[in-house]
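Just structure09.cif here, mmCIF, C-alpha atoms:
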data_final
loop_
_atom_site.label_atom_id
_atom_site.label_comp_id
_atom_site.auth_asym_id
_atom_site.auth_seq_id
_atom_site.Cartn_x
_atom_site.Cartn_y
_atom_site.Cartn_z
CA MET A 69 109.28 69.79 67.03
CA PRO A 70 112.65 68.33 65.94
CA ARG A 71 115.82 69.34 67.67
CA SER A 72 118.02 71.83 65.90
CA LYS A 73 121.28 70.62 64.39
CA VAL A 74 124.17 70.79 66.84
CA LYS A 75 127.06 72.98 65.80
CA LEU A 76 130.21 70.84 66.01
CA ALA A 77 132.63 73.23 67.62
CA PHE A 78 134.50 73.45 70.87
CA ILE A 79 132.19 74.53 73.72
CA GLU A 80 133.79 77.58 75.31
CA ASN A 81 131.74 77.60 78.52
CA LYS A 82 133.45 75.14 80.90
CA LYS A 83 130.26 74.20 82.80
CA ALA A 84 128.27 73.64 79.60
CA ARG A 85 131.17 71.58 78.18
CA LYS A 86 131.26 69.33 81.26
CA THR A 87 127.46 68.90 81.22
CA SER A 88 127.55 68.03 77.52
CA PHE A 89 130.35 65.53 78.14
CA MET A 90 128.46 63.77 80.92
CA LYS A 91 125.25 63.50 78.87
CA ARG A 92 127.04 62.31 75.73
CA LYS A 93 129.12 59.81 77.68
CA GLU A 94 125.96 58.17 79.00
CA CYS A 95 124.43 58.18 75.51
CA LEU A 96 127.59 56.54 74.14
CA LYS A 97 127.41 53.78 76.75
CA ASN A 98 123.70 53.23 75.99
CA LYS A 99 124.42 53.00 72.26
CA LEU A 100 127.19 50.46 72.89
CA LYS A 101 124.81 48.38 75.01
CA GLU A 102 122.16 48.51 72.27
CA LEU A 103 124.72 47.57 69.62
CA CYS A 104 125.87 44.56 71.61
CA THR A 105 122.32 43.40 72.28
CA LEU A 106 120.93 43.94 68.77
CA CYS A 107 123.92 42.62 66.81
CA GLY A 108 125.22 39.99 69.20
CA ILE A 109 128.73 41.42 69.33
CA GLU A 110 131.19 42.14 72.10
CA ALA A 111 132.33 45.72 72.54
CA CYS A 112 134.09 47.84 75.08
CA ALA A 113 134.94 51.48 75.60
CA ILE A 114 137.64 53.33 77.52
CA ILE A 115 136.74 56.87 78.46
CA TYR A 116 139.27 59.28 79.87
CA SER A 117 138.53 62.89 80.70
CA SER A 118 139.85 65.71 82.78
CA TYR A 119 136.45 65.97 84.47
CA GLU A 120 136.78 62.70 86.37
CA PRO A 121 139.80 61.09 88.00
CA GLY A 122 141.04 57.89 86.33
CA LEU A 123 139.61 55.91 83.45
CA GLU A 124 136.05 54.82 83.02
CA VAL A 125 135.43 51.57 81.20
CA TRP A 126 132.37 49.97 79.70
CA PRO A 127 131.10 47.33 80.37
CA GLU A 128 131.55 47.94 84.07
CA ASP A 129 132.04 44.20 84.62
CA ASN A 130 135.85 43.94 84.54
CA THR A 131 135.93 40.37 83.25
CA ALA A 132 133.74 41.19 80.21
CA PHE A 133 135.87 44.27 79.51
CA GLN A 134 139.11 42.25 79.87
CA ASN A 135 137.81 39.53 77.52
CA VAL A 136 137.07 42.03 74.74
CA LEU A 137 140.34 43.89 75.26
CA ASN A 138 142.39 40.66 75.27
CA ALA A 139 140.65 39.40 72.13
CA PHE A 140 141.60 42.66 70.43
CA LEU A 141 145.19 42.70 71.67
CA THR A 142 145.89 39.08 70.69
CA LYS A 143 145.23 39.84 67.02
CA LEU A 144 148.22 40.64 64.82
CA PRO A 145 148.83 44.39 64.44
CA MET A 146 148.05 44.27 60.71
CA GLU A 147 144.72 42.55 61.35
CA ARG A 148 144.01 44.87 64.28
CA ASN A 149 144.58 48.02 62.24
CA LYS A 150 142.72 46.75 59.19
CA PHE A 151 139.39 48.34 60.13
CA MET A 152 140.67 51.14 62.34
CA SER A 153 140.03 54.65 61.19
CA ASN A 154 140.76 58.11 62.45
CA GLN A 155 139.70 61.45 61.12
CA ASP A 156 142.82 61.90 58.96
CA SER A 157 142.56 58.51 57.28
CA TYR A 158 138.81 58.96 56.79
CA ILE A 159 139.26 62.38 55.18
CA LYS A 160 142.08 61.09 52.93
CA GLU A 161 139.90 58.17 51.87
CA ARG A 162 136.98 60.48 51.10
CA ILE A 163 139.20 62.89 49.14
CA SER A 164 140.58 59.99 47.12
CA LYS A 165 137.08 58.71 46.38
CA VAL A 166 135.82 62.15 45.36
CA ASP A 167 138.90 62.69 43.16
CA GLY A 168 138.07 59.47 41.33
CA GLN A 169 134.46 60.61 40.88
CA ILE A 170 135.63 63.99 39.57
CA LYS A 171 137.99 62.36 37.06
CA LYS A 172 135.18 60.08 35.85
CA GLN A 173 132.85 63.07 35.50
CA ILE A 174 135.49 65.03 33.53
CA VAL A 175 135.79 62.15 31.05
CA THR A 176 132.00 61.90 30.80
CA ASN A 177 131.69 65.66 30.22
CA ARG A 178 134.46 65.59 27.60
CA ASP A 179 132.73 62.74 25.74
CA SER A 180 129.42 64.59 25.94
CA VAL A 181 130.98 67.74 24.47
CA LYS A 182 132.50 65.67 21.63
CA ALA A 183 129.15 63.99 20.94
CA ASN A 184 127.35 67.34 20.91
CA LEU A 185 129.94 68.82 18.54
CA MET A 186 129.64 65.79 16.25
CA SER A 187 125.85 66.09 16.29
CA GLU A 188 126.02 69.81 15.46
CA CYS A 189 128.44 69.13 12.60
CA LEU A 190 126.26 66.37 11.17
CA SER A 191 123.13 68.54 11.39
CA CYS A 192 125.03 71.41 9.67
CA LYS A 193 124.66 73.73 12.65
CA VAL A 194 128.45 74.05 12.87
CA SER A 195 130.83 74.12 9.95
CA LEU A 196 134.01 72.04 10.06
CA ALA A 197 135.84 74.96 8.51
CA GLY A 198 135.15 77.05 11.61
CA LEU A 199 136.69 74.55 14.03
CA ASN A 200 140.22 74.76 15.38
CA SER A 201 142.69 71.87 15.16
CA LYS A 202 141.97 70.71 18.74
CA ASP A 203 138.25 70.38 18.03
CA LEU A 204 138.96 68.59 14.75
CA ASN A 205 141.28 66.15 16.54
CA ASN A 206 138.62 65.56 19.20
CA LEU A 207 136.02 64.87 16.50
CA GLY A 208 138.42 62.53 14.69
CA SER A 209 139.16 60.51 17.82
CA PHE A 210 135.47 60.43 18.74
CA ALA A 211 134.55 59.20 15.26
CA GLY A 212 137.36 56.65 15.42
CA HIS A 213 135.99 55.26 18.67
CA LYS A 214 132.46 55.17 17.27
CA LEU A 215 133.43 53.61 13.93
CA PRO A 216 133.10 49.96 15.07
CA GLU A 217 129.63 50.73 16.44
CA ILE A 218 128.65 52.41 13.16
CA GLU A 219 129.91 49.46 11.13
CA GLU A 220 128.03 47.01 13.35
CA ARG A 221 124.85 49.04 13.03
CA ILE A 222 125.17 49.12 9.24
CA LYS A 223 125.53 45.32 9.17
CA VAL A 224 122.42 44.93 11.34
CA LEU A 225 120.42 47.29 9.17
CA LYS A 226 121.53 45.54 5.99
CA SER A 227 120.59 42.13 7.35
CA ASP A 228 117.16 43.31 8.62
CA ALA A 229 115.96 45.23 5.55
CA PRO A 230 115.43 43.89 2.03
CA ALA A 231 118.19 44.97 -0.35
CA SER A 232 115.72 46.72 -2.67
CA GLN A 233 114.57 49.08 0.10
CA LEU A 234 117.92 49.98 1.61
CA LYS A 235 121.07 51.14 -0.13
CA LEU A 236 123.65 51.77 2.59
CA PRO A 237 127.31 52.48 1.99
CA GLU A 238 129.88 49.82 2.76
CA PRO A 239 131.75 50.17 6.09
CA LYS A 240 134.94 51.15 4.24
CA GLU A 241 133.04 53.91 2.42
CA VAL A 242 131.78 55.25 5.77
CA GLU A 243 135.32 55.26 7.11
CA GLN A 244 136.59 57.13 4.02
CA MET A 245 133.77 59.68 4.31
CA LEU A 246 134.60 60.31 7.98
CA ILE A 247 138.31 60.66 7.21
CA ALA A 248 137.53 63.07 4.39
CA MET A 249 135.30 65.13 6.72
CA TYR A 250 138.12 65.68 9.21
CA GLN A 251 140.97 66.52 6.84
#
Encoded form using structure tokens:
Amino acid sequence: MPRSKVKLAFIENKKARKTSFMKRKECLKNKLKELCTLCGIEACAIIYSSYEPGLEVWPEDNTAFQNVLNAFLTKLPMERNKFMSNQDSYIKERISKVDGQIKKQIVTNRDSVKANLMSECLSCKVSLAGLNSKDLNNLGSFAGHKLPEIEERIKVLKSDAPASQLKLPEPKEVEQMLIAMYQ
């Protein structure tokens, strides 16, 4: 049976908090050891708590710990901080990313609404007379953006079909019809 999800909140019971700290500290050290072995990297950890006097470092071999720490400290501050992250910077980054996704989705939704309105107008489900000026402007801009695609499609259709079978309007006629529709 899988373990239940741990509630991430401060543990009120002091004894349970200390026990959890000790277990998680050992797990953290084991994970660091695995990471170093599997990925061939050097890593270190400094653990300070009110439960134990002094600092605890990993790896316990002081020379290995000193080598990693010195390699980190000799880098320029800009290079050192390049990949550092804390909760505030992580949350700000995520908010920024989600804001961008929301803005993209708003544009997509707006275009979809315009396309649906255009489709309803062309299929005579909605009358242009019943639309307000904002909707008419939206349709006009949508049609304006789609006009090059329409003209290109007309050219392709004209070149593919024999002239006797297909009588399509000229691109300028299409443009005039669209302009007339939205005035």
_Neighbouring residues of Asn98 in chain A were defined as those with any atom within 12 Å, considering only C-alpha atoms; residues of the same chain fewer than 4 positions away were excluded. Please report them as a PyMOL selection string._
chain A and resi 91-94+102-105+111-113+126-127
*Tell me, in Å to one decimal, how far CA of Val125 in chain A is from CA of Leu100 in chain A.*
11.8 Å
*Separation of CA of Leu196 in chain A and CA of Val181 in chain A, in Å?*
15.3 Å
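Computed from the coordinates, the CA of Lys182 in chain A to CA of Gly208 in chain A distance equals 9.6 Å.
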